[in-house]
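Here's the structure we're looking at; comments come further down.
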Amino acid sequence: MIALDPKSRRPLYEQLYRELEEEILAGQYQPGQTLPGRRTMAERLGVSVNTVDTAYQMLAAAGIVESAERRGFIVQDTGGMLHVYHPPATGMAAGTERRTGMTDLSTGSIDTGLFPVRQWGRIQRELLYHNQELWQRGDMQGDLNLREQIAAYLSASRGVECTPEQIVVGAGIEYLLGCLAHLFQGSVAAIENPGYSRTKAVLENCGIRTRLVNIDAGGLPADALRESGANICYITPSHHFPTGVTMPARRRAQLLTWAEEREDRYILEDDYDSEFRFDIRPLPSLQGMAGKRGHVIYLTTFSKSLAPGIRIACMVLPENLLQRYRQDFALYANTVSRVEQQTLADFMAEGFFTRHIGRMRHAYKKRKTAFAAALRTELGGGLTIRSEHSGLHFLLTYPEAGSERDMIRSAEREGILIRGLSDYYMADAESCPPSTVVAGYAGLDPSLIEETAAALARAWRART
């Protein structure tokens, strides 16, 4: 008999999913048998129809049942396979709380419970049943209809000026950076410090020399960029990672001037989480300021807006690099499954993507507001919160807790994983603001917000 625990950390829909999975695999439901109707199950358990529907859709995504029109959800023959699919607990990235027993406030976590399983699964099933062309090799830059959808979306949401022909789809930003490194062999790249160390590693692994440039209150300074001797510049101007600084228009214009002074200079604009700006509209992309014939290569990913496991990212190449890219990569196959490409294309074309972004923005803004309020209540006036108006993480400064290392260790003793700001300094770490940690809240279960804030207060007020 199914028994759900409303006090459990695991959401009700996931508890129901697991209970039903166990019953099906134990033989209590036979292949071909139909699960109870959603309303019937909801009334039986005293939960909402949406809770039951989500659990059923997860079973369908795992291949344990199949949704049939007018018949409901039909149990499939699993061939004795056990635990086909176990989703992570809501609010936790795969391999965090379930594995370690810790609350993970890393910047890489998202709430996988917000993923549009029902719409995504329906589109994908229809494609698999009715589009045999997907089993053929596709365009090396990505399927055209997906690039058309991306171009329209980037134009409307970020002011990116491009044609579908300029877009290259790839399996993650790292892969695309590797492609760019090939195009820029012999170059020197300036990297923001603090910043995203993986970019530095990828470029150096591909033979590109790097120079670290310290940012200031406006982002990467143009004067320091000139002094670095670099001809390539990697920046996150809309929401600097991890400080949250937004580069003002005047600084952007200075960087564009730097790039346009020489033919071999390019700016790599990583717009990794621009969807999540809560209080004001973001400035248009740097690429939009430069135009499609400019010296800006625009990069973005769907990892934050959909899920990290869906390895879809893209870059927009200036026209003067397109011919070189097509020549050098002509024999390369695209690295993203055509099934995933076409699912995303239809997901965007049917309007689900923009609605999904709206729901995520609403959910994360609510979570951000609640977490910030709880932290202020628990820690009082000694706490400083920065990077609060955009992105999916905060900078928390609390001198009363001691050093950054003290903050991290005491938080661990309370069962919370959190990183220090100095971790993102690849050089000149002594300039890092003291007693400051980076707290990602996207993967924080809303039901644990007050508990987490209270745990941090216990940790940081109990200096030894």
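Each chain of the structure tokens is named A, B, ... in the order shown, its residues numbered from 1; ligands are numbered from 1 in display order.
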Any chance you could tabulate, as a tab-separated table, the residues of region 161-264 of chain A at most 12 Å from region 103-122 of chain A with each one's nearest atom pair and distance in Å to one decimal, using only C-alpha atoms, in chain and rising number order?
residue	atom	partner	partner_atom	distance
A:Tyr196	CA	A:Thr107	CA	11.5
A:Phe241	CA	A:Thr107	CA	9.9
A:Pro242	CA	A:Thr107	CA	8.9
A:Thr243	CA	A:Thr107	CA	11.9
Please produce a file of those selected residues containing C-alpha atoms, as a PDB file, in the first residue's frame.
ATOM      1  CA  TYR A 196      35.579  30.589 -14.893  1.00  0.00           C
ATOM      2  CA  PHE A 241      30.876  34.964 -12.985  1.00  0.00           C
ATOM      3  CA  PRO A 242      31.111  34.805 -10.022  1.00  0.00           C
ATOM      4  CA  THR A 243      30.912  38.421  -8.757  1.00  0.00           C
TER       5      THR A 243
END
What are the nearest atom pairs, with distances in Å to one decimal, for all residues of region 309-332 of chain A that come at most 8 Å from region 156-175 of chain A, using only C-alpha atoms, set out by chain and rising residue number as a tab-separated table?
residue	atom	partner	partner_atom	distance
A:Arg311	CA	A:Ala171	CA	4.8
A:Ile312	CA	A:Ala171	CA	5.0
A:Ala313	CA	A:Gly172	CA	4.9
A:Cys314	CA	A:Val169	CA	4.3
A:Met315	CA	A:Val168	CA	5.3
A:Val316	CA	A:Ile167	CA	4.6
A:Leu317	CA	A:Gln166	CA	5.3
A:Pro318	CA	A:Gln166	CA	6.9
A:Glu319	CA	A:Gln166	CA	6.8
A:Leu322	CA	A:Gln166	CA	6.8
For this session: Pick out the closest residue to Glu388 (chain A) from this set: A:Gly244, A:Gly351, A:Pro284, A:Pro446. Count only C-alpha atoms.
Result: A:Gly244
For this session: Please give the complete set of residues from region 210-412 of chain A that DSSP, run on the backbone, assigns to helix (DSSP H, G or I), formatted as a ChimeraX atom specification.
Result: /A:222-228,249-260,286-290,319-328,338-349,352-382,399-401,404-412
Problem set entry | All residues 7 Å or closer to region 3-19 of chain A, only C-alpha atoms, same chain fewer than 4 positions away omitted, as a count of residues only | 10
Exercise. Counting only C-alpha atoms, what is within 12 Å of Ala349 (chain A), bar same-chain residues fewer than 2 positions away, as a list in words?
Worked result: Ile123, Asn145, Leu146, Arg147, Glu148, Gln149, Ile150, Ala151, Ala152, Tyr153, Gln342, Thr343, Leu344, Ala345, Asp346, Phe347, Gly351, Phe352, Phe353, Thr354 and Arg355 of chain A
Exercise. Near region 232-234 of chain A, within 8 Å and counting only C-alpha atoms, which residues show up once chain neighbours fewer than 3 positions away are dropped, as a ChimeraX atom specification?
Worked result: /A:187-192,225,265-270
Exercise. Region 240-419 of chain A: which residues are strand (DSSP E or B) by DSSP, as a PyMOL selection string?
Worked result: chain A and resi 266-270+277+296-301+313-316+384-386+390+393-397+416-417+419
Can I get the selection written as a tab-separated table (two decimals), in the first residue's frame, with C-alpha atoms?
chain	number	residue	atom	x	y	z
A	266	TYR	CA	37.94	39.08	-31.09
A	267	ILE	CA	35.76	39.15	-27.99
A	268	LEU	CA	34.24	35.88	-26.80
A	269	GLU	CA	31.00	36.90	-25.05
A	270	ASP	CA	29.69	34.16	-22.75
A	277	ARG	CA	17.63	38.80	-14.36
A	296	VAL	CA	32.27	39.50	-31.17
A	297	ILE	CA	31.60	35.77	-30.93
A	298	TYR	CA	28.48	35.15	-28.86
A	299	LEU	CA	28.22	31.95	-26.78
A	300	THR	CA	25.34	30.67	-24.70
A	301	THR	CA	24.10	27.40	-23.26
A	313	ALA	CA	25.04	25.13	-26.44
A	314	CYS	CA	25.62	27.41	-29.40
A	315	MET	CA	27.86	30.14	-30.70
A	316	VAL	CA	27.27	32.92	-33.20
A	384	THR	CA	26.21	41.62	3.20
A	385	ILE	CA	24.51	40.04	0.18
A	386	ARG	CA	25.74	40.94	-3.30
A	390	SER	CA	20.43	38.51	-11.41
A	393	HIS	CA	23.84	32.71	-6.81
A	394	PHE	CA	24.74	35.25	-4.12
A	395	LEU	CA	27.97	36.52	-2.67
A	396	LEU	CA	27.66	36.37	1.12
A	397	THR	CA	30.07	38.36	3.29
A	416	ILE	CA	26.13	22.48	4.00
A	417	LEU	CA	28.53	22.51	1.06
A	419	ARG	CA	32.52	27.45	-1.93
For this session: Just the residues within 10 Å of Val202 (chain A), please, counting only C-alpha atoms, with nothing from its chain fewer than 4 positions along; format it as a ChimeraX atom specification.
Result: /A:173-178,181,197-198,206-208
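We find CA of Gly218 (chain A) and CA of Pro248 (chain A) to be spaced 6.2 Å apart.
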For this session: Return the single residue from A:Thr369, A:Thr34, A:Ser435, A:Ser403 that is closest to Glu450 (chain A), with distances computed using only C-alpha atoms.
Result: A:Thr369
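Compared by their closest atoms to Ala453 (chain A), and using only C-alpha atoms, the residues A:Gly415, A:Gly420, A:Pro237, A:Pro434 rank with A:Gly415 nearest.
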Exercise. What is the distance between CA of Met41 (chain A) and CA of Met360 (chain A), in Å to one decimal?
Worked result: 27.8 Å
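You will find CA of Gly291 (chain A) at 22.1 Å from CA of Gly142 (chain A).
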Problem set entry | Contacts of Gly402 (chain A) within 10 Å, only C-alpha atoms, excl. fewer than 3 positions in-chain, as a count of residues only | 12
